[in-house]
Amino acid sequence: MPYREAKVRRRKDDTGVGTATSSIIEGLYRFSRRVHSMVDRLGEFVVPYQQALEAEASQHHVHRYLTGLLSHLNRKNAETIAALVDVERQIIQDFIGTAPWDHRPLITVLVRQVAERLGAPEGVIAFDPSSFPKRGTHSVGVKRQWCSHRGKVDTCQVGVFMGYVSRHDHALLLRIDTLSP
């Protein structure tokens, strides 16, 4: 079947704007409302995690960092995120790389949220060791080892995942990259 270009009727409504244009504008407006709603829900979701961080400065930077990660930026590094949220690059860089992180309180918050929202008597904790083909040496644990994804020894990274599964839904609770000897 030959390619045919779709024809759009260009009728004018009473505002003088073509119907195709007004439907595009309405679609963008609905999309914008959904994005704002999602950002608001994310702000509520993050609060318990912010409170679990011990350093008060880190609590403020979580929101800034997540704003950058969820933004329109093509490159989501410390420099571009800092420019977007209007702070110095070093503040975001320190938060990501050198601020003390204790992941255990964050995991506790996650497990509590999963139990409250998805908890069911028949729910189970599932462990899944998985491997991922990788090239290079910049990821933790990448080396020649058994790669179940490929069914042979290859350069890969191995991780163990812990998740909660019930008839209602499922959630990833923890990922641990293994460091083979």
# chains A, B, ... in the order shown; residues from 1 in each chain; ligands from 1

$ select_by_dssp --residues "range 35-105 of chain A" --states "helix (DSSP H, G or I)" --output "NGL selection string"
:A and (35-52 or 56-69 or 78-85 or 89-97 or 103-105)

$ write_last_selection --atoms "C-alpha atoms" --output "CSV table (one decimal), in the first residue's frame"
chain,number,residue,atom,x,y,z
A,35,VAL,CA,2.5,16.1,34.4
A,36,HIS,CA,1.8,18.6,37.2
A,37,SER,CA,-0.4,16.1,39.0
A,38,MET,CA,2.4,13.5,38.7
A,39,VAL,CA,5.0,16.0,40.1
A,40,ASP,CA,2.6,16.8,43.0
A,41,ARG,CA,2.2,13.0,43.8
A,42,LEU,CA,6.0,12.5,43.6
A,43,GLY,CA,6.4,15.4,46.1
A,44,GLU,CA,4.1,13.6,48.5
A,45,PHE,CA,5.8,10.2,47.8
A,46,VAL,CA,9.3,11.5,48.6
A,47,VAL,CA,8.5,13.1,52.0
A,48,PRO,CA,9.0,9.9,54.1
A,49,TYR,CA,12.3,9.2,52.2
A,50,GLN,CA,13.5,12.8,52.9
A,51,GLN,CA,12.6,12.4,56.6
A,52,ALA,CA,14.6,9.1,56.7
A,56,GLU,CA,19.0,18.0,57.1
A,57,ALA,CA,20.9,19.4,54.0
A,58,SER,CA,20.4,16.0,52.3
A,59,GLN,CA,16.6,16.2,52.9
A,60,HIS,CA,16.4,19.5,50.9
A,61,HIS,CA,18.6,18.2,48.1
A,62,VAL,CA,16.5,15.0,47.5
A,63,HIS,CA,13.7,17.1,46.0
A,64,ARG,CA,16.1,19.2,43.8
A,65,TYR,CA,17.8,16.1,42.5
A,66,LEU,CA,14.6,14.3,41.7
A,67,THR,CA,13.3,17.4,40.0
A,68,GLY,CA,16.3,17.2,37.7
A,69,LEU,CA,16.0,13.5,37.1
A,78,ALA,CA,25.2,17.3,38.4
A,79,GLU,CA,26.0,20.4,36.3
A,80,THR,CA,22.7,20.5,34.3
A,81,ILE,CA,20.5,19.6,37.3
A,82,ALA,CA,22.2,22.3,39.4
A,83,ALA,CA,21.5,24.9,36.6
A,84,LEU,CA,17.9,23.7,36.3
A,85,VAL,CA,17.2,24.0,40.1
A,89,ARG,CA,27.0,22.5,40.8
A,90,GLN,CA,29.1,21.5,43.8
A,91,ILE,CA,26.0,21.2,46.0
A,92,ILE,CA,24.3,18.6,43.8
A,93,GLN,CA,27.6,16.9,43.1
A,94,ASP,CA,28.4,16.5,46.8
A,95,PHE,CA,24.8,15.3,47.5
A,96,ILE,CA,25.2,12.5,44.8
A,97,GLY,CA,28.8,11.5,45.4
A,103,HIS,CA,20.5,3.1,52.5
A,104,ARG,CA,19.0,1.1,55.4
A,105,PRO,CA,16.5,3.7,56.6

$ closest_atom_pairs --of "range 110-132 of chain A" --to "range 152-164 of chain A" --cutoff "10 Å" --atoms "only C-alpha atoms" --output "Markdown table"
| residue | atom | partner | partner_atom | distance |
| --- | --- | --- | --- | --- |
| A:Val111 | CA | A:Tyr164 | CA | 9.0 |
| A:Val114 | CA | A:Tyr164 | CA | 7.9 |
| A:Ala115 | CA | A:Tyr164 | CA | 8.8 |
| A:Leu118 | CA | A:Tyr164 | CA | 8.5 |
| A:Gly119 | CA | A:Tyr164 | CA | 8.8 |
| A:Gly123 | CA | A:Tyr164 | CA | 6.9 |
| A:Val124 | CA | A:Tyr164 | CA | 5.8 |
| A:Ile125 | CA | A:Tyr164 | CA | 4.6 |
| A:Ala126 | CA | A:Gly163 | CA | 5.2 |
| A:Phe127 | CA | A:Met162 | CA | 4.6 |
| A:Asp128 | CA | A:Phe161 | CA | 5.0 |
| A:Pro129 | CA | A:Val160 | CA | 4.2 |
| A:Ser130 | CA | A:Gly159 | CA | 5.5 |
| A:Ser131 | CA | A:Val158 | CA | 4.2 |
| A:Phe132 | CA | A:Gln157 | CA | 5.3 |

$ atom_distance --atom1 "CA of Ile107 in chain A" --atom2 "CA of Lys134 in chain A"
26.9 Å

$ select_by_dssp --residues "range 34-141 of chain A" --states "strand (DSSP E or B)" --output "PDB file with N, CA and C atoms, in the first residue's frame"
ATOM      1  N   VAL A 124       4.441 -12.910  48.902  1.00  0.00           N
ATOM      2  CA  VAL A 124       5.724 -13.575  49.120  1.00  0.00           C
ATOM      3  C   VAL A 124       6.866 -12.636  48.754  1.00  0.00           C
ATOM      4  N   ILE A 125       8.020 -12.917  49.340  1.00  0.00           N
ATOM      5  CA  ILE A 125       9.249 -12.234  48.953  1.00  0.00           C
ATOM      6  C   ILE A 125       9.936 -13.138  47.931  1.00  0.00           C
ATOM      7  N   ALA A 126      10.279 -12.591  46.791  1.00  0.00           N
ATOM      8  CA  ALA A 126      10.922 -13.372  45.733  1.00  0.00           C
ATOM      9  C   ALA A 126      12.331 -12.850  45.503  1.00  0.00           C
ATOM     10  N   PHE A 127      13.281 -13.774  45.354  1.00  0.00           N
ATOM     11  CA  PHE A 127      14.667 -13.424  45.038  1.00  0.00           C
ATOM     12  C   PHE A 127      14.960 -13.872  43.620  1.00  0.00           C
ATOM     13  N   ASP A 128      15.624 -13.015  42.863  1.00  0.00           N
ATOM     14  CA  ASP A 128      15.929 -13.332  41.472  1.00  0.00           C
ATOM     15  C   ASP A 128      17.365 -12.943  41.155  1.00  0.00           C
ATOM     16  N   PRO A 129      18.263 -13.943  41.015  1.00  0.00           N
ATOM     17  CA  PRO A 129      19.614 -13.614  40.554  1.00  0.00           C
ATOM     18  C   PRO A 129      19.581 -13.473  39.032  1.00  0.00           C
ATOM     19  N   SER A 130      20.021 -12.366  38.528  1.00  0.00           N
ATOM     20  CA  SER A 130      20.000 -12.119  37.085  1.00  0.00           C
ATOM     21  C   SER A 130      21.341 -11.570  36.636  1.00  0.00           C
ATOM     22  N   SER A 131      21.639 -11.773  35.370  1.00  0.00           N
ATOM     23  CA  SER A 131      22.879 -11.235  34.812  1.00  0.00           C
ATOM     24  C   SER A 131      22.557 -10.393  33.590  1.00  0.00           C
ATOM     25  N   PHE A 132      23.432  -9.431  33.347  1.00  0.00           N
ATOM     26  CA  PHE A 132      23.234  -8.479  32.259  1.00  0.00           C
ATOM     27  C   PHE A 132      24.519  -8.363  31.463  1.00  0.00           C
ATOM     28  N   PRO A 133      24.468  -8.627  30.171  1.00  0.00           N
ATOM     29  CA  PRO A 133      25.670  -8.438  29.361  1.00  0.00           C
ATOM     30  C   PRO A 133      26.144  -6.990  29.445  1.00  0.00           C
TER      31      PRO A 133
END
